[in-house]
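Presented below is the structure to which this report refers.
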Amino acid sequence: MKVRFALSLTVLAALTACANVKDVRQRDPVFYGATQRTAEDYTTCVADAWKNQGVNFKQNAVRNGFELVQEDSLGVEAVLTTTTWKGKTEARLSTRIARRDQTIIEPANLCL
């Protein structure tokens, strides 16, 4: 009985630790910037840099731009949203876990 209870608590804790794109996107950004590049060019630049660093991510199309989503075993860890509106491209990077912030922020900043 105690084993079932402990197992149930472990599963519940793991499920509550999981994060989705919406959860991470709503957090305060760890990086924010604007560029003259198109959303596609900027996203491609950051994606190439992340690939070279071994960062696993998915690229998704969003309204007026793109999103790079980094996931780990506990769910979404970071979301970079790049959108173009009225000729201006804005990038916003939010993370859930601070341990990898600098390694993913640096390419986002250099690609501006």
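Chains: A, B, ... in order of the structure tokens. Residues: from 1 per chain. Ligands: from 1, in order shown.
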
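The protein and nucleic acid residues lying at most 8 Å from segment 60-72 of chain A are Val21, Ala39, Glu40, Thr43, Ala47, Val55, Asn56, Phe57, Gly75, Val76, Glu77, Ala78, Val79, Leu80, Thr81, Thr82, Thr83, Thr84 and Trp85 of chain A, with only C-alpha atoms considered and sequence neighbours fewer than 3 positions away removed.
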
Within 12 Å of Tyr32 of chain A, counting only C-alpha atoms, which residues qualify if same-chain residues fewer than 4 places away don't, as an NGL selection string?
:A and (28 or 79-83 or 89-94 or 105-106 or 108-109 or 112)

Take the residues from that selection and write them out as a JSON list (two decimals), in the first residue's frame, keeping N, CA, C and O atoms.
```json
[["chain", "number", "residue", "atom", "x", "y", "z"],
["A", 28, "ASP", "N", 8.46, 35.66, -18.11],
["A", 28, "ASP", "CA", 9.22, 36.85, -18.50],
["A", 28, "ASP", "C", 10.38, 36.43, -19.38],
["A", 28, "ASP", "O", 11.04, 35.42, -19.10],
["A", 79, "VAL", "N", 11.60, 28.61, -25.24],
["A", 79, "VAL", "CA", 10.83, 28.97, -26.43],
["A", 79, "VAL", "C", 11.35, 30.30, -26.95],
["A", 79, "VAL", "O", 11.37, 31.30, -26.23],
["A", 80, "LEU", "N", 11.80, 30.29, -28.21],
["A", 80, "LEU", "CA", 12.20, 31.52, -28.89],
["A", 80, "LEU", "C", 11.12, 31.82, -29.93],
["A", 80, "LEU", "O", 10.92, 31.04, -30.85],
["A", 81, "THR", "N", 10.43, 32.93, -29.77],
["A", 81, "THR", "CA", 9.39, 33.34, -30.71],
["A", 81, "THR", "C", 9.88, 34.54, -31.49],
["A", 81, "THR", "O", 10.31, 35.54, -30.90],
["A", 82, "THR", "N", 9.84, 34.43, -32.81],
["A", 82, "THR", "CA", 10.29, 35.51, -33.70],
["A", 82, "THR", "C", 9.14, 35.89, -34.61],
["A", 82, "THR", "O", 8.63, 35.05, -35.34],
["A", 83, "THR", "N", 8.72, 37.14, -34.55],
["A", 83, "THR", "CA", 7.60, 37.60, -35.38],
["A", 83, "THR", "C", 7.96, 38.90, -36.09],
["A", 83, "THR", "O", 8.72, 39.72, -35.56],
["A", 89, "THR", "N", 11.10, 43.02, -37.00],
["A", 89, "THR", "CA", 11.15, 41.66, -36.47],
["A", 89, "THR", "C", 11.58, 41.70, -35.02],
["A", 89, "THR", "O", 12.59, 42.31, -34.68],
["A", 90, "GLU", "N", 10.79, 41.07, -34.17],
["A", 90, "GLU", "CA", 11.09, 41.01, -32.74],
["A", 90, "GLU", "C", 11.30, 39.57, -32.33],
["A", 90, "GLU", "O", 10.60, 38.67, -32.80],
["A", 91, "ALA", "N", 12.27, 39.37, -31.45],
["A", 91, "ALA", "CA", 12.58, 38.04, -30.92],
["A", 91, "ALA", "C", 12.41, 38.07, -29.41],
["A", 91, "ALA", "O", 12.82, 39.02, -28.74],
["A", 92, "ARG", "N", 11.81, 37.00, -28.90],
["A", 92, "ARG", "CA", 11.56, 36.89, -27.46],
["A", 92, "ARG", "C", 11.88, 35.48, -27.03],
["A", 92, "ARG", "O", 11.33, 34.52, -27.56],
["A", 93, "LEU", "N", 12.80, 35.33, -26.07],
["A", 93, "LEU", "CA", 13.22, 34.02, -25.59],
["A", 93, "LEU", "C", 12.86, 33.88, -24.12],
["A", 93, "LEU", "O", 13.27, 34.70, -23.30],
["A", 94, "SER", "N", 12.08, 32.87, -23.82],
["A", 94, "SER", "CA", 11.71, 32.58, -22.44],
["A", 94, "SER", "C", 12.16, 31.17, -22.10],
["A", 94, "SER", "O", 12.12, 30.28, -22.95],
["A", 105, "ILE", "N", 21.04, 32.00, -25.21],
["A", 105, "ILE", "CA", 20.86, 33.46, -25.37],
["A", 105, "ILE", "C", 21.92, 34.03, -26.31],
["A", 105, "ILE", "O", 21.61, 34.88, -27.14],
["A", 106, "GLU", "N", 23.15, 33.58, -26.15],
["A", 106, "GLU", "CA", 24.25, 34.15, -26.95],
["A", 106, "GLU", "C", 23.98, 34.08, -28.45],
["A", 106, "GLU", "O", 24.11, 35.11, -29.14],
["A", 108, "ALA", "N", 21.11, 33.90, -29.94],
["A", 108, "ALA", "CA", 19.97, 34.77, -30.21],
["A", 108, "ALA", "C", 20.42, 36.23, -30.30],
["A", 108, "ALA", "O", 19.93, 36.98, -31.15],
["A", 109, "ASN", "N", 21.36, 36.61, -29.47],
["A", 109, "ASN", "CA", 21.86, 37.97, -29.49],
["A", 109, "ASN", "C", 22.78, 38.21, -30.70],
["A", 109, "ASN", "O", 22.67, 39.23, -31.36],
["A", 112, "LEU", "N", 21.13, 38.91, -34.17],
["A", 112, "LEU", "CA", 20.39, 40.16, -34.40],
["A", 112, "LEU", "C", 21.08, 40.95, -35.48],
["A", 112, "LEU", "O", 20.56, 41.60, -36.28]]
```

What is the atom CA of Cys111 of chain A to atom CA of Thr38 of chain A distance in Å?
11.4 Å

Expected answer as a PyMOL selection string: strand (DSSP E) residues in chain A
chain A and resi 31-35+57-62+65-72+75-85+88-95

Name all residues at most 10 Å from Leu110 of chain A (count only C-alpha atoms; drop same-chain ones fewer than 5 positions away) and give them as a ChimeraX atom specification.
/A:45-46,49,105

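Taking atom CA of Gly33 of chain A and atom CA of Lys88 of chain A as endpoints, the distance between them is 10.6 Å.
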
Per DSSP on the backbone, filter chain A down to the residues in alpha helix (DSSP H) and report them as number ranges by chain.
A: 2-17, 21-25, 39-53, 101-110

Please write the residues from the selection above to a file, keeping N, CA and C atoms, as a short mmCIF file (atom, residue, chain, number, x, y, z; two decimals), in the first residue's frame.
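Contents of the output file out-v3.cif:
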```
data_model
loop_
_atom_site.label_atom_id
_atom_site.label_comp_id
_atom_site.auth_asym_id
_atom_site.auth_seq_id
_atom_site.Cartn_x
_atom_site.Cartn_y
_atom_site.Cartn_z
N LYS A 2 1.89 1.27 0.86
CA LYS A 2 2.76 2.43 0.94
C LYS A 2 3.52 2.63 -0.36
N VAL A 3 3.86 1.53 -1.03
CA VAL A 3 4.60 1.62 -2.30
C VAL A 3 3.72 2.26 -3.36
N ARG A 4 2.44 1.88 -3.41
CA ARG A 4 1.51 2.49 -4.37
C ARG A 4 1.35 3.98 -4.12
N PHE A 5 1.25 4.35 -2.87
CA PHE A 5 1.09 5.75 -2.52
C PHE A 5 2.33 6.54 -2.93
N ALA A 6 3.50 6.01 -2.62
CA ALA A 6 4.75 6.68 -2.99
C ALA A 6 4.88 6.80 -4.51
N LEU A 7 4.51 5.73 -5.22
CA LEU A 7 4.57 5.75 -6.67
C LEU A 7 3.60 6.77 -7.25
N SER A 8 2.42 6.85 -6.69
CA SER A 8 1.43 7.83 -7.13
C SER A 8 1.94 9.26 -6.93
N LEU A 9 2.56 9.53 -5.79
CA LEU A 9 3.12 10.86 -5.54
C LEU A 9 4.25 11.18 -6.50
N THR A 10 5.07 10.19 -6.82
CA THR A 10 6.17 10.40 -7.76
C THR A 10 5.64 10.73 -9.15
N VAL A 11 4.64 10.00 -9.61
CA VAL A 11 4.05 10.25 -10.92
C VAL A 11 3.38 11.63 -10.94
N LEU A 12 2.69 11.97 -9.91
CA LEU A 12 2.03 13.28 -9.82
C LEU A 12 3.07 14.41 -9.84
N ALA A 13 4.15 14.25 -9.12
CA ALA A 13 5.20 15.28 -9.11
C ALA A 13 5.83 15.42 -10.49
N ALA A 14 6.05 14.32 -11.16
CA ALA A 14 6.63 14.37 -12.50
C ALA A 14 5.70 15.08 -13.48
N LEU A 15 4.42 14.81 -13.38
CA LEU A 15 3.45 15.43 -14.28
C LEU A 15 3.31 16.92 -14.03
N THR A 16 3.39 17.35 -12.80
CA THR A 16 3.27 18.77 -12.51
C THR A 16 4.53 19.52 -12.89
N ALA A 17 5.66 18.81 -12.98
CA ALA A 17 6.91 19.46 -13.39
C ALA A 17 6.96 19.68 -14.90
N VAL A 21 4.55 24.64 -24.21
CA VAL A 21 4.99 25.86 -24.89
C VAL A 21 4.30 27.09 -24.31
N LYS A 22 3.01 27.00 -24.08
CA LYS A 22 2.26 28.15 -23.56
C LYS A 22 2.77 28.57 -22.18
N ASP A 23 3.06 27.59 -21.31
CA ASP A 23 3.58 27.90 -19.97
C ASP A 23 4.89 28.67 -20.05
N VAL A 24 5.80 28.19 -20.88
CA VAL A 24 7.12 28.81 -20.97
C VAL A 24 7.03 30.16 -21.68
N ARG A 25 6.23 30.25 -22.73
CA ARG A 25 6.09 31.50 -23.49
C ARG A 25 5.54 32.62 -22.60
N ALA A 39 11.84 37.40 -40.05
CA ALA A 39 11.68 36.37 -39.02
C ALA A 39 12.30 35.05 -39.47
N GLU A 40 12.15 34.74 -40.74
CA GLU A 40 12.70 33.49 -41.27
C GLU A 40 14.23 33.50 -41.22
N ASP A 41 14.85 34.58 -41.67
CA ASP A 41 16.31 34.68 -41.66
C ASP A 41 16.86 34.61 -40.24
N TYR A 42 16.24 35.35 -39.33
CA TYR A 42 16.71 35.37 -37.95
C TYR A 42 16.56 33.99 -37.31
N THR A 43 15.41 33.37 -37.50
CA THR A 43 15.16 32.06 -36.91
C THR A 43 16.14 31.03 -37.46
N THR A 44 16.42 31.09 -38.75
CA THR A 44 17.38 30.17 -39.36
C THR A 44 18.77 30.36 -38.77
N CYS A 45 19.17 31.59 -38.56
CA CYS A 45 20.47 31.89 -37.97
C CYS A 45 20.58 31.27 -36.57
N VAL A 46 19.58 31.50 -35.73
CA VAL A 46 19.60 30.96 -34.37
C VAL A 46 19.53 29.43 -34.41
N ALA A 47 18.70 28.88 -35.27
CA ALA A 47 18.57 27.43 -35.37
C ALA A 47 19.90 26.79 -35.75
N ASP A 48 20.61 27.38 -36.70
CA ASP A 48 21.92 26.85 -37.10
C ASP A 48 22.91 26.88 -35.94
N ALA A 49 22.91 27.97 -35.19
CA ALA A 49 23.82 28.09 -34.05
C ALA A 49 23.47 27.08 -32.96
N TRP A 50 22.17 26.91 -32.69
CA TRP A 50 21.76 25.92 -31.69
C TRP A 50 22.15 24.51 -32.11
N LYS A 51 21.98 24.19 -33.39
CA LYS A 51 22.37 22.87 -33.89
C LYS A 51 23.85 22.64 -33.66
N ASN A 52 24.67 23.64 -33.95
CA ASN A 52 26.12 23.51 -33.76
C ASN A 52 26.50 23.32 -32.30
N GLN A 53 25.66 23.77 -31.39
CA GLN A 53 25.91 23.59 -29.95
C GLN A 53 25.31 22.29 -29.42
N ASP A 101 20.49 28.96 -19.93
CA ASP A 101 20.15 30.28 -20.47
C ASP A 101 21.25 30.87 -21.36
N GLN A 102 22.46 30.97 -20.85
CA GLN A 102 23.51 31.68 -21.57
C GLN A 102 23.86 31.01 -22.89
N THR A 103 23.86 29.69 -22.94
CA THR A 103 24.23 28.99 -24.16
C THR A 103 23.22 29.19 -25.29
N ILE A 104 21.98 29.45 -24.93
CA ILE A 104 20.97 29.68 -25.97
C ILE A 104 20.71 31.17 -26.18
N ILE A 105 21.04 32.00 -25.21
CA ILE A 105 20.86 33.46 -25.37
C ILE A 105 21.92 34.03 -26.31
N GLU A 106 23.15 33.58 -26.15
CA GLU A 106 24.25 34.15 -26.95
C GLU A 106 23.98 34.08 -28.45
N PRO A 107 23.58 32.93 -29.02
CA PRO A 107 23.28 32.91 -30.45
C PRO A 107 22.11 33.83 -30.81
N ALA A 108 21.11 33.90 -29.94
CA ALA A 108 19.97 34.77 -30.21
C ALA A 108 20.42 36.23 -30.30
N ASN A 109 21.36 36.61 -29.47
CA ASN A 109 21.86 37.97 -29.49
C ASN A 109 22.78 38.21 -30.70
N LEU A 110 23.65 37.27 -31.00
CA LEU A 110 24.60 37.43 -32.11
C LEU A 110 23.90 37.46 -33.47
#
```

Quick one: pull the distance between atom CA of Ser73 of chain A and atom CA of Asn20 of chain A, Å, one decimal.
11.7 Å
